[in-house]
Amino acid sequence: MRTYFSAALSAVLLVLLALLVPFSALAAWVDLELDDSDRYLAAVSPLASDPGVRDTVATLVTDEAMKNIDVGPLQDTVEEFLDDTARSFTTTEAFQKAWDSANRTAHQAVTAALHGDDGQAVTIDLAPVTERVKRELVDDGVPFAELIPVRHTTITLLPADRADELRTSFRWLRYCSVWPAVGTAVLLVLVVGLAFVRRGARGGLAATAVAGAGFVLGALLLRVAVAVGRSRVLDQVPDSDRDGAAAVYDALTASLRTTVWAVLAAGVVLAVCGTAGRIVATRRTTGR
């Protein structure tokens, strides 16, 4: 009976940790990164040098400009010239500042869209970037630059229907904040501590090994969740925005991928140490 009870307790601990680890990581991520403007900006600011983002911005600016330009047979030549000029601008410090400005403003829209009413897509408004591009090109005397319209041109990060599917989950994760992570740590300490107290070193080490296995499974589930989320998010993003949206998604979830490796490493250490320690303890007890 005691053996059966121990096995059942181990199975429950394994399942709980496997589920709590990804849930805790996602809740903390929403609260500490997505909802924090400084952390959000720190994550997406380096994307100003990402080729996918630069290509997306240059293409959108050029396409919007060409809607206001009609030079007959020179249309293709002018479009190519503006595209090259816009791409060149994306390599400058001025673009970095414009990108940061756009994303600082976008963060408010992103959090509002994720936690707001249904029917809202999650986007980054490139108007500050377009305005800076236009001003720089006009100052440099680039032909037709004054015709570039400063509109609310956007990169779609999450289409409206995908956002609607995720809003309820995001609200719950935001509400939970870091408390699931605290609860996971408390559960681990209590279960392993009680195992040491009630069942001795071998029981405590066995619980440690099980906890390590739970951490490993939880880390794998979190990695799968990040990958599946990426696929679902990008599945309905317009082709013209996909490279930029993929870069933003990867930047925002970088901390989650780091968490995967950290938890996986901790789980392996716990599992190996717990298993090895229990074997040693058993041999000492039996006199082998």
# chains A, B, ... in the order shown; residues from 1 in each chain; ligands from 1

$ closest_atom_pairs --of "range 12-121 of chain A" --to "range 189-194 of chain A" --cutoff "12 Å" --atoms "only C-alpha atoms" --output "CSV"
residue,atom,partner,partner_atom,distance
A:Val12,CA,A:Val191,CA,10.8
A:Leu13,CA,A:Val191,CA,8.1
A:Leu14,CA,A:Val191,CA,11.2
A:Leu16,CA,A:Val191,CA,11.5
A:Leu17,CA,A:Val191,CA,11.3

$ write_last_selection --atoms "N, CA, C and O atoms" --output "JSON list (two decimals), in the first residue's frame"
[["chain", "number", "residue", "atom", "x", "y", "z"],
["A", 12, "VAL", "N", 1.39, 12.23, -9.55],
["A", 12, "VAL", "CA", 0.69, 13.51, -9.40],
["A", 12, "VAL", "C", 1.68, 14.68, -9.46],
["A", 12, "VAL", "O", 1.45, 15.69, -10.13],
["A", 13, "LEU", "N", 2.81, 14.52, -8.75],
["A", 13, "LEU", "CA", 3.83, 15.57, -8.75],
["A", 13, "LEU", "C", 4.37, 15.79, -10.16],
["A", 13, "LEU", "O", 4.56, 16.93, -10.60],
["A", 14, "LEU", "N", 4.62, 14.72, -10.88],
["A", 14, "LEU", "CA", 5.13, 14.80, -12.24],
["A", 14, "LEU", "C", 4.17, 15.57, -13.15],
["A", 14, "LEU", "O", 4.58, 16.48, -13.88],
["A", 16, "LEU", "N", 1.67, 17.62, -12.24],
["A", 16, "LEU", "CA", 1.50, 19.00, -11.78],
["A", 16, "LEU", "C", 2.64, 19.90, -12.25],
["A", 16, "LEU", "O", 2.42, 20.99, -12.76],
["A", 17, "LEU", "N", 3.86, 19.43, -12.08],
["A", 17, "LEU", "CA", 5.01, 20.23, -12.49],
["A", 17, "LEU", "C", 5.06, 20.39, -14.01],
["A", 17, "LEU", "O", 5.39, 21.47, -14.52]]

$ residues_around --residues "Ala262 in chain A" --least-positions-apart "4" --cutoff "12 Å" --atoms "only C-alpha atoms" --output "MDAnalysis selection string"
chainID A and resid 21 25 215:216 218:220 222:223 255:258 266:269

$ write_last_selection --atoms "N, CA, C and O atoms" --output "PDB file, in the first residue's frame"
ATOM      1  N   VAL A  21       4.826  24.377 -14.975  1.00  0.00           N
ATOM      2  CA  VAL A  21       6.014  25.053 -15.509  1.00  0.00           C
ATOM      3  C   VAL A  21       5.680  25.916 -16.724  1.00  0.00           C
ATOM      4  O   VAL A  21       5.995  27.106 -16.745  1.00  0.00           O
ATOM      5  N   ALA A  25       5.531  30.090 -16.652  1.00  0.00           N
ATOM      6  CA  ALA A  25       6.406  30.869 -17.537  1.00  0.00           C
ATOM      7  C   ALA A  25       5.600  31.824 -18.405  1.00  0.00           C
ATOM      8  O   ALA A  25       5.980  32.991 -18.586  1.00  0.00           O
ATOM      9  N   PHE A 215      10.088  18.955 -14.398  1.00  0.00           N
ATOM     10  CA  PHE A 215      10.645  20.171 -14.980  1.00  0.00           C
ATOM     11  C   PHE A 215      11.013  19.952 -16.445  1.00  0.00           C
ATOM     12  O   PHE A 215      10.790  20.821 -17.291  1.00  0.00           O
ATOM     13  N   VAL A 216      11.604  18.802 -16.738  1.00  0.00           N
ATOM     14  CA  VAL A 216      11.985  18.508 -18.124  1.00  0.00           C
ATOM     15  C   VAL A 216      10.751  18.454 -19.022  1.00  0.00           C
ATOM     16  O   VAL A 216      10.724  19.053 -20.110  1.00  0.00           O
ATOM     17  N   GLY A 218       7.841  19.831 -18.433  1.00  0.00           N
ATOM     18  CA  GLY A 218       7.280  21.173 -18.505  1.00  0.00           C
ATOM     19  C   GLY A 218       8.023  22.054 -19.488  1.00  0.00           C
ATOM     20  O   GLY A 218       7.417  22.821 -20.238  1.00  0.00           O
ATOM     21  N   ALA A 219       9.359  21.954 -19.495  1.00  0.00           N
ATOM     22  CA  ALA A 219      10.166  22.739 -20.433  1.00  0.00           C
ATOM     23  C   ALA A 219       9.853  22.347 -21.879  1.00  0.00           C
ATOM     24  O   ALA A 219       9.736  23.207 -22.759  1.00  0.00           O
ATOM     25  N   LEU A 220       9.709  21.048 -22.118  1.00  0.00           N
ATOM     26  CA  LEU A 220       9.387  20.581 -23.474  1.00  0.00           C
ATOM     27  C   LEU A 220       8.005  21.067 -23.906  1.00  0.00           C
ATOM     28  O   LEU A 220       7.810  21.479 -25.055  1.00  0.00           O
ATOM     29  N   LEU A 222       6.523  23.766 -22.852  1.00  0.00           N
ATOM     30  CA  LEU A 222       6.631  25.206 -23.093  1.00  0.00           C
ATOM     31  C   LEU A 222       7.223  25.472 -24.471  1.00  0.00           C
ATOM     32  O   LEU A 222       6.756  26.353 -25.202  1.00  0.00           O
ATOM     33  N   ARG A 223       8.243  24.710 -24.831  1.00  0.00           N
ATOM     34  CA  ARG A 223       8.857  24.888 -26.166  1.00  0.00           C
ATOM     35  C   ARG A 223       7.864  24.573 -27.274  1.00  0.00           C
ATOM     36  O   ARG A 223       7.810  25.282 -28.288  1.00  0.00           O
ATOM     37  N   SER A 255      12.756  35.433 -24.408  1.00  0.00           N
ATOM     38  CA  SER A 255      12.889  35.125 -22.979  1.00  0.00           C
ATOM     39  C   SER A 255      12.224  33.790 -22.642  1.00  0.00           C
ATOM     40  O   SER A 255      12.693  33.067 -21.747  1.00  0.00           O
ATOM     41  N   LEU A 256      11.149  33.450 -23.354  1.00  0.00           N
ATOM     42  CA  LEU A 256      10.501  32.154 -23.125  1.00  0.00           C
ATOM     43  C   LEU A 256      11.408  31.014 -23.577  1.00  0.00           C
ATOM     44  O   LEU A 256      11.504  29.977 -22.905  1.00  0.00           O
ATOM     45  N   ARG A 257      12.069  31.198 -24.704  1.00  0.00           N
ATOM     46  CA  ARG A 257      12.983  30.157 -25.177  1.00  0.00           C
ATOM     47  C   ARG A 257      14.177  30.013 -24.232  1.00  0.00           C
ATOM     48  O   ARG A 257      14.675  28.906 -24.009  1.00  0.00           O
ATOM     49  N   THR A 258      14.624  31.134 -23.668  1.00  0.00           N
ATOM     50  CA  THR A 258      15.694  31.065 -22.670  1.00  0.00           C
ATOM     51  C   THR A 258      15.208  30.313 -21.436  1.00  0.00           C
ATOM     52  O   THR A 258      15.947  29.504 -20.847  1.00  0.00           O
ATOM     53  N   ALA A 266      17.832  22.731 -15.319  1.00  0.00           N
ATOM     54  CA  ALA A 266      17.548  22.499 -13.899  1.00  0.00           C
ATOM     55  C   ALA A 266      16.882  21.148 -13.696  1.00  0.00           C
ATOM     56  O   ALA A 266      17.200  20.414 -12.738  1.00  0.00           O
ATOM     57  N   GLY A 267      15.961  20.807 -14.596  1.00  0.00           N
ATOM     58  CA  GLY A 267      15.282  19.519 -14.486  1.00  0.00           C
ATOM     59  C   GLY A 267      16.223  18.345 -14.651  1.00  0.00           C
ATOM     60  O   GLY A 267      16.145  17.359 -13.897  1.00  0.00           O
ATOM     61  N   VAL A 268      17.129  18.442 -15.621  1.00  0.00           N
ATOM     62  CA  VAL A 268      18.096  17.354 -15.841  1.00  0.00           C
ATOM     63  C   VAL A 268      18.997  17.186 -14.623  1.00  0.00           C
ATOM     64  O   VAL A 268      19.269  16.063 -14.181  1.00  0.00           O
ATOM     65  N   VAL A 269      19.458  18.318 -14.071  1.00  0.00           N
ATOM     66  CA  VAL A 269      20.325  18.259 -12.886  1.00  0.00           C
ATOM     67  C   VAL A 269      19.592  17.597 -11.714  1.00  0.00           C
ATOM     68  O   VAL A 269      20.139  16.717 -11.028  1.00  0.00           O
TER      69      VAL A 269
END

$ closest_residue --among "A:Ala207, A:Val224, A:Leu158, A:Val263" --to "Val237 in chain A" --atoms "only C-alpha atoms"
A:Leu158

$ residues_around --residues "Leu60 in chain A" --least-positions-apart "4" --cutoff "12 Å" --atoms "only C-alpha atoms" --output "JSON list (two decimals) with N, CA, C and O atoms, in the first residue's frame"
[["chain", "number", "residue", "atom", "x", "y", "z"],
["A", 53, "VAL", "N", 12.64, 42.86, -40.97],
["A", 53, "VAL", "CA", 11.96, 44.10, -40.59],
["A", 53, "VAL", "C", 12.31, 45.22, -41.55],
["A", 53, "VAL", "O", 11.44, 45.97, -42.00],
["A", 54, "ARG", "N", 13.58, 45.35, -41.89],
["A", 54, "ARG", "CA", 13.99, 46.40, -42.83],
["A", 54, "ARG", "C", 13.31, 46.22, -44.18],
["A", 54, "ARG", "O", 12.85, 47.20, -44.78],
["A", 55, "ASP", "N", 13.24, 44.99, -44.63],
["A", 55, "ASP", "CA", 12.60, 44.73, -45.93],
["A", 55, "ASP", "C", 11.12, 45.07, -45.87],
["A", 55, "ASP", "O", 10.57, 45.68, -46.80],
["A", 56, "THR", "N", 10.45, 44.68, -44.78],
["A", 56, "THR", "CA", 9.02, 44.96, -44.64],
["A", 56, "THR", "C", 8.75, 46.46, -44.60],
["A", 56, "THR", "O", 7.85, 46.97, -45.30],
["A", 64, "GLU", "N", 3.31, 52.71, -50.40],
["A", 64, "GLU", "CA", 2.44, 53.84, -50.08],
["A", 64, "GLU", "C", 2.83, 55.08, -50.87],
["A", 64, "GLU", "O", 1.96, 55.84, -51.32],
["A", 65, "ALA", "N", 4.13, 55.29, -51.05],
["A", 65, "ALA", "CA", 4.58, 56.46, -51.82],
["A", 65, "ALA", "C", 4.14, 56.36, -53.27],
["A", 65, "ALA", "O", 3.69, 57.36, -53.86],
["A", 66, "MET", "N", 4.24, 55.18, -53.85],
["A", 66, "MET", "CA", 3.93, 55.03, -55.28],
["A", 66, "MET", "C", 2.44, 55.20, -55.57],
["A", 66, "MET", "O", 2.06, 55.43, -56.72],
["A", 67, "LYS", "N", 1.59, 55.10, -54.53],
["A", 67, "LYS", "CA", 0.17, 55.35, -54.74],
["A", 67, "LYS", "C", -0.10, 56.82, -55.06],
["A", 67, "LYS", "O", -1.14, 57.16, -55.63],
["A", 79, "GLU", "N", 9.99, 53.87, -58.73],
["A", 79, "GLU", "CA", 9.70, 52.93, -57.64],
["A", 79, "GLU", "C", 10.96, 52.23, -57.16],
["A", 79, "GLU", "O", 11.19, 52.09, -55.95],
["A", 82, "LEU", "N", 13.06, 54.79, -55.16],
["A", 82, "LEU", "CA", 12.53, 55.03, -53.82],
["A", 82, "LEU", "C", 12.74, 53.82, -52.92],
["A", 82, "LEU", "O", 13.04, 53.96, -51.72],
["A", 83, "ASP", "N", 12.59, 52.63, -53.48],
["A", 83, "ASP", "CA", 12.79, 51.42, -52.70],
["A", 83, "ASP", "C", 14.24, 51.32, -52.22],
["A", 83, "ASP", "O", 14.50, 51.02, -51.05],
["A", 86, "ALA", "N", 14.76, 53.95, -49.52],
["A", 86, "ALA", "CA", 14.14, 53.57, -48.25],
["A", 86, "ALA", "C", 14.95, 52.48, -47.56],
["A", 86, "ALA", "O", 15.14, 52.50, -46.34],
["A", 87, "ARG", "N", 15.45, 51.51, -48.33],
["A", 87, "ARG", "CA", 16.25, 50.44, -47.75],
["A", 87, "ARG", "C", 17.57, 50.99, -47.18],
["A", 87, "ARG", "O", 18.04, 50.54, -46.13],
["A", 125, "ASP", "N", 2.07, 50.44, -35.84],
["A", 125, "ASP", "CA", 1.82, 51.56, -36.74],
["A", 125, "ASP", "C", 3.16, 52.16, -37.17],
["A", 125, "ASP", "O", 3.95, 52.60, -36.33],
["A", 126, "LEU", "N", 3.40, 52.17, -38.48],
["A", 126, "LEU", "CA", 4.67, 52.67, -39.00],
["A", 126, "LEU", "C", 4.64, 54.16, -39.35],
["A", 126, "LEU", "O", 5.58, 54.65, -39.96],
["A", 127, "ALA", "N", 3.58, 54.86, -38.95],
["A", 127, "ALA", "CA", 3.50, 56.30, -39.28],
["A", 127, "ALA", "C", 4.73, 57.08, -38.77],
["A", 127, "ALA", "O", 5.28, 57.90, -39.51],
["A", 129, "VAL", "N", 7.72, 56.01, -38.40],
["A", 129, "VAL", "CA", 8.84, 55.63, -39.26],
["A", 129, "VAL", "C", 8.72, 56.31, -40.62],
["A", 129, "VAL", "O", 9.69, 56.88, -41.15],
["A", 130, "THR", "N", 7.51, 56.26, -41.19],
["A", 130, "THR", "CA", 7.28, 56.89, -42.50],
["A", 130, "THR", "C", 7.55, 58.39, -42.43],
["A", 130, "THR", "O", 8.15, 58.96, -43.35],
["A", 133, "VAL", "N", 11.27, 58.90, -42.40],
["A", 133, "VAL", "CA", 11.82, 58.62, -43.72],
["A", 133, "VAL", "C", 11.57, 59.79, -44.65],
["A", 133, "VAL", "O", 12.48, 60.27, -45.35],
["A", 148, "ILE", "N", 5.52, 61.34, -50.50],
["A", 148, "ILE", "CA", 5.31, 60.17, -49.63],
["A", 148, "ILE", "C", 4.26, 60.51, -48.58],
["A", 148, "ILE", "O", 4.44, 61.44, -47.79],
["A", 149, "PRO", "N", 3.14, 59.77, -48.53],
["A", 149, "PRO", "CA", 2.10, 60.08, -47.55],
["A", 149, "PRO", "C", 2.44, 59.53, -46.18],
["A", 149, "PRO", "O", 3.01, 58.44, -46.06],
["A", 150, "VAL", "N", 2.14, 60.29, -45.14],
["A", 150, "VAL", "CA", 2.34, 59.80, -43.78],
["A", 150, "VAL", "C", 1.01, 59.27, -43.28],
["A", 150, "VAL", "O", 0.20, 59.98, -42.69],
["A", 151, "ARG", "N", 0.78, 57.98, -43.55],
["A", 151, "ARG", "CA", -0.48, 57.35, -43.17],
["A", 151, "ARG", "C", -0.21, 56.34, -42.06],
["A", 151, "ARG", "O", 0.92, 56.01, -41.74],
["A", 152, "HIS", "N", -1.29, 55.81, -41.52],
["A", 152, "HIS", "CA", -1.17, 54.79, -40.48],
["A", 152, "HIS", "C", -0.96, 53.44, -41.15],
["A", 152, "HIS", "O", -1.82, 52.56, -41.12],
["A", 153, "THR", "N", 0.21, 53.30, -41.78],
["A", 153, "THR", "CA", 0.60, 52.03, -42.38],
["A", 153, "THR", "C", 1.07, 51.09, -41.28],
["A", 153, "THR", "O", 1.86, 51.48, -40.42],
["A", 154, "THR", "N", 0.60, 49.87, -41.29],
["A", 154, "THR", "CA", 0.86, 48.97, -40.17],
["A", 154, "THR", "C", 1.50, 47.65, -40.59],
["A", 154, "THR", "O", 1.35, 47.20, -41.73],
["A", 155, "ILE", "N", 2.24, 47.07, -39.65],
["A", 155, "ILE", "CA", 2.67, 45.68, -39.75],
["A", 155, "ILE", "C", 1.72, 44.87, -38.85],
["A", 155, "ILE", "O", 1.60, 45.15, -37.66],
["A", 156, "THR", "N", 1.05, 43.91, -39.43],
["A", 156, "THR", "CA", 0.12, 43.09, -38.66],
["A", 156, "THR", "C", 0.88, 42.00, -37.92],
["A", 156, "THR", "O", 1.56, 41.17, -38.52],
["A", 239, "ASP", "N", 1.24, 38.14, -46.39],
["A", 239, "ASP", "CA", 2.58, 37.79, -46.85],
["A", 239, "ASP", "C", 3.55, 38.96, -46.76],
["A", 239, "ASP", "O", 4.72, 38.78, -46.43],
["A", 240, "SER", "N", 3.06, 40.16, -47.04],
["A", 240, "SER", "CA", 3.93, 41.34, -47.03],
["A", 240, "SER", "C", 4.43, 41.67, -45.63],
["A", 240, "SER", "O", 5.46, 42.32, -45.46],
["A", 241, "ASP", "N", 3.70, 41.23, -44.60],
["A", 241, "ASP", "CA", 4.05, 41.54, -43.21],
["A", 241, "ASP", "C", 4.74, 40.37, -42.50],
["A", 241, "ASP", "O", 5.19, 40.53, -41.37],
["A", 244, "GLY", "N", 8.42, 40.62, -41.06],
["A", 244, "GLY", "CA", 8.47, 41.55, -39.94],
["A", 244, "GLY", "C", 7.77, 41.00, -38.72],
["A", 244, "GLY", "O", 8.28, 41.10, -37.59]]

$ residues_around --residues "Asp84 in chain A" --least-positions-apart "6" --cutoff "10 Å" --atoms "only C-alpha atoms" --output "list in words"
Ala58, Thr59, Thr62 and Val78 of chain A

$ write_last_selection --atoms "all heavy atoms" --output "compact mmCIF listing (two decimals), in the first residue's frame"
# COMPACT_ATOMS: atom_id res chain seq x y z
N ALA A 58 10.70 49.00 -45.68
CA ALA A 58 11.04 49.64 -46.96
C ALA A 58 9.97 49.38 -48.01
O ALA A 58 9.58 50.28 -48.77
CB ALA A 58 12.39 49.14 -47.45
N THR A 59 9.46 48.15 -48.04
CA THR A 59 8.42 47.81 -49.02
C THR A 59 7.14 48.57 -48.75
O THR A 59 6.51 49.11 -49.68
CB THR A 59 8.15 46.29 -48.97
OG1 THR A 59 9.35 45.59 -49.32
CG2 THR A 59 7.05 45.92 -49.96
N THR A 62 7.59 52.30 -49.65
CA THR A 62 7.64 52.48 -51.10
C THR A 62 6.27 52.30 -51.73
O THR A 62 5.85 53.09 -52.59
CB THR A 62 8.64 51.48 -51.73
OG1 THR A 62 9.93 51.67 -51.16
CG2 THR A 62 8.72 51.68 -53.23
N VAL A 78 11.25 55.05 -60.93
CA VAL A 78 11.07 55.84 -59.71
C VAL A 78 10.80 54.91 -58.52
O VAL A 78 11.33 55.12 -57.42
CB VAL A 78 9.92 56.84 -59.89
CG1 VAL A 78 9.57 57.51 -58.55
CG2 VAL A 78 10.28 57.89 -60.92

$ atom_distance --atom1 "CA of Gly183 in chain A" --atom2 "CA of Trp29 in chain A"
15.8 Å

$ residues_around --residues "Trp172 in chain A" --least-positions-apart "3" --cutoff "12 Å" --atoms "only C-alpha atoms" --output "list in words"
Phe23, Ser24, Leu26, Ala27, Ala28, Val30, Asp31, Leu114, His115, Leu166, Arg167, Thr168, Ser169, Tyr175, Cys176, Ser177, Val178, Trp179 and Pro180 of chain A

$ select_by_dssp --residues "range 73-278 of chain A" --states "strand (DSSP E)" --output "list in words"
Val122, Thr123, Ile124, Asp125, Thr154, Ile155, Thr156, Leu157 and Leu158 of chain A

$ select_by_dssp --residues "range 54-102 of chain A" --states "helix (DSSP H, G or I)" --output "number ranges by chain"
A: 54-66, 72-89, 93-102

$ write_last_selection --atoms "N, CA and C atoms" --output "short mmCIF file (atom, residue, chain, number, x, y, z; two decimals), in the first residue's frame"
data_model
loop_
_atom_site.label_atom_id
_atom_site.label_comp_id
_atom_site.auth_asym_id
_atom_site.auth_seq_id
_atom_site.Cartn_x
_atom_site.Cartn_y
_atom_site.Cartn_z
N ARG A 54 13.58 45.35 -41.89
CA ARG A 54 13.99 46.40 -42.83
C ARG A 54 13.31 46.22 -44.18
N ASP A 55 13.24 44.99 -44.63
CA ASP A 55 12.60 44.73 -45.93
C ASP A 55 11.12 45.07 -45.87
N THR A 56 10.45 44.68 -44.78
CA THR A 56 9.02 44.96 -44.64
C THR A 56 8.75 46.46 -44.60
N VAL A 57 9.53 47.20 -43.81
CA VAL A 57 9.34 48.65 -43.69
C VAL A 57 9.60 49.34 -45.03
N ALA A 58 10.70 49.00 -45.68
CA ALA A 58 11.04 49.64 -46.96
C ALA A 58 9.97 49.38 -48.01
N THR A 59 9.46 48.15 -48.04
CA THR A 59 8.42 47.81 -49.02
C THR A 59 7.14 48.57 -48.75
N LEU A 60 6.72 48.65 -47.49
CA LEU A 60 5.49 49.36 -47.16
C LEU A 60 5.59 50.85 -47.46
N VAL A 61 6.73 51.46 -47.12
CA VAL A 61 6.92 52.88 -47.39
C VAL A 61 6.91 53.15 -48.89
N THR A 62 7.59 52.30 -49.65
CA THR A 62 7.64 52.48 -51.10
C THR A 62 6.27 52.30 -51.73
N ASP A 63 5.55 51.26 -51.32
CA ASP A 63 4.22 51.01 -51.88
C ASP A 63 3.27 52.17 -51.61
N GLU A 64 3.31 52.71 -50.40
CA GLU A 64 2.44 53.84 -50.08
C GLU A 64 2.83 55.08 -50.87
N ALA A 65 4.13 55.29 -51.05
CA ALA A 65 4.58 56.46 -51.82
C ALA A 65 4.14 56.36 -53.27
N MET A 66 4.24 55.18 -53.85
CA MET A 66 3.93 55.03 -55.28
C MET A 66 2.44 55.20 -55.57
N GLY A 72 4.22 58.03 -65.49
CA GLY A 72 4.12 57.35 -66.77
C GLY A 72 5.15 56.26 -66.95
N PRO A 73 5.91 56.31 -68.04
CA PRO A 73 6.87 55.24 -68.34
C PRO A 73 8.03 55.14 -67.34
N LEU A 74 8.21 56.18 -66.52
CA LEU A 74 9.29 56.17 -65.52
C LEU A 74 8.83 55.59 -64.17
N GLN A 75 7.60 55.07 -64.15
CA GLN A 75 7.04 54.59 -62.88
C GLN A 75 7.92 53.53 -62.22
N ASP A 76 8.32 52.54 -63.00
CA ASP A 76 9.13 51.46 -62.44
C ASP A 76 10.49 51.96 -61.96
N THR A 77 11.07 52.88 -62.73
CA THR A 77 12.38 53.43 -62.36
C THR A 77 12.30 54.20 -61.05
N VAL A 78 11.25 55.05 -60.93
CA VAL A 78 11.07 55.84 -59.71
C VAL A 78 10.80 54.91 -58.52
N GLU A 79 9.99 53.87 -58.73
CA GLU A 79 9.70 52.93 -57.64
C GLU A 79 10.96 52.23 -57.16
N GLU A 80 11.80 51.81 -58.10
CA GLU A 80 13.05 51.15 -57.73
C GLU A 80 13.98 52.10 -56.98
N PHE A 81 14.00 53.37 -57.43
CA PHE A 81 14.83 54.36 -56.78
C PHE A 81 14.37 54.62 -55.34
N LEU A 82 13.06 54.79 -55.16
CA LEU A 82 12.53 55.03 -53.82
C LEU A 82 12.74 53.82 -52.92
N ASP A 83 12.59 52.63 -53.48
CA ASP A 83 12.79 51.42 -52.70
C ASP A 83 14.24 51.32 -52.22
N ASP A 84 15.19 51.59 -53.13
CA ASP A 84 16.60 51.56 -52.74
C ASP A 84 16.91 52.61 -51.69
N THR A 85 16.30 53.79 -51.86
CA THR A 85 16.54 54.88 -50.90
C THR A 85 15.98 54.52 -49.53
N ALA A 86 14.76 53.95 -49.52
CA ALA A 86 14.14 53.57 -48.25
C ALA A 86 14.95 52.48 -47.56
N ARG A 87 15.45 51.51 -48.33
CA ARG A 87 16.25 50.44 -47.75
C ARG A 87 17.57 50.99 -47.18
N SER A 88 18.14 51.95 -47.87
CA SER A 88 19.37 52.58 -47.38
C SER A 88 19.10 53.31 -46.07
N PHE A 89 17.92 53.95 -45.98
CA PHE A 89 17.58 54.69 -44.76
C PHE A 89 17.44 53.75 -43.56
N GLU A 93 21.03 55.51 -38.11
CA GLU A 93 20.65 55.72 -36.72
C GLU A 93 19.28 56.38 -36.62
N ALA A 94 18.96 57.23 -37.62
CA ALA A 94 17.65 57.89 -37.64
C ALA A 94 16.53 56.87 -37.71
N PHE A 95 16.74 55.79 -38.47
CA PHE A 95 15.73 54.74 -38.55
C PHE A 95 15.57 54.03 -37.21
N GLN A 96 16.69 53.79 -36.53
CA GLN A 96 16.63 53.16 -35.21
C GLN A 96 15.77 53.98 -34.26
N LYS A 97 15.97 55.31 -34.27
CA LYS A 97 15.18 56.18 -33.40
C LYS A 97 13.71 56.16 -33.79
N ALA A 98 13.44 56.16 -35.10
CA ALA A 98 12.06 56.12 -35.58
C ALA A 98 11.40 54.79 -35.22
N TRP A 99 12.14 53.70 -35.33
CA TRP A 99 11.62 52.38 -34.98
C TRP A 99 11.28 52.30 -33.49
N ASP A 100 12.17 52.83 -32.65
CA ASP A 100 11.91 52.84 -31.21
C ASP A 100 10.68 53.68 -30.88
N SER A 101 10.56 54.83 -31.55
CA SER A 101 9.40 55.70 -31.32
C SER A 101 8.11 54.99 -31.71
N ALA A 102 8.14 54.32 -32.86
CA ALA A 102 6.95 53.60 -33.32
C ALA A 102 6.57 52.50 -32.35
#

$ atom_distance --atom1 "CA of Ala265 in chain A" --atom2 "CA of Ile279 in chain A"
21.2 Å

$ residues_around --residues "range 247-253 of chain A" --least-positions-apart "5" --cutoff "8 Å" --atoms "only C-alpha atoms" --output "list in words"
Glu33, Leu34, Tyr40, Ala43, Val44, Leu47, Asp50, Gly52, Val53, Leu157, Val226 and Arg230 of chain A

$ residues_around --residues "Val15 in chain A" --least-positions-apart "3" --cutoff "9 Å" --atoms "only C-alpha atoms" --output "PyMOL selection string"
chain A and resi 10-12+18-20+214+217-218
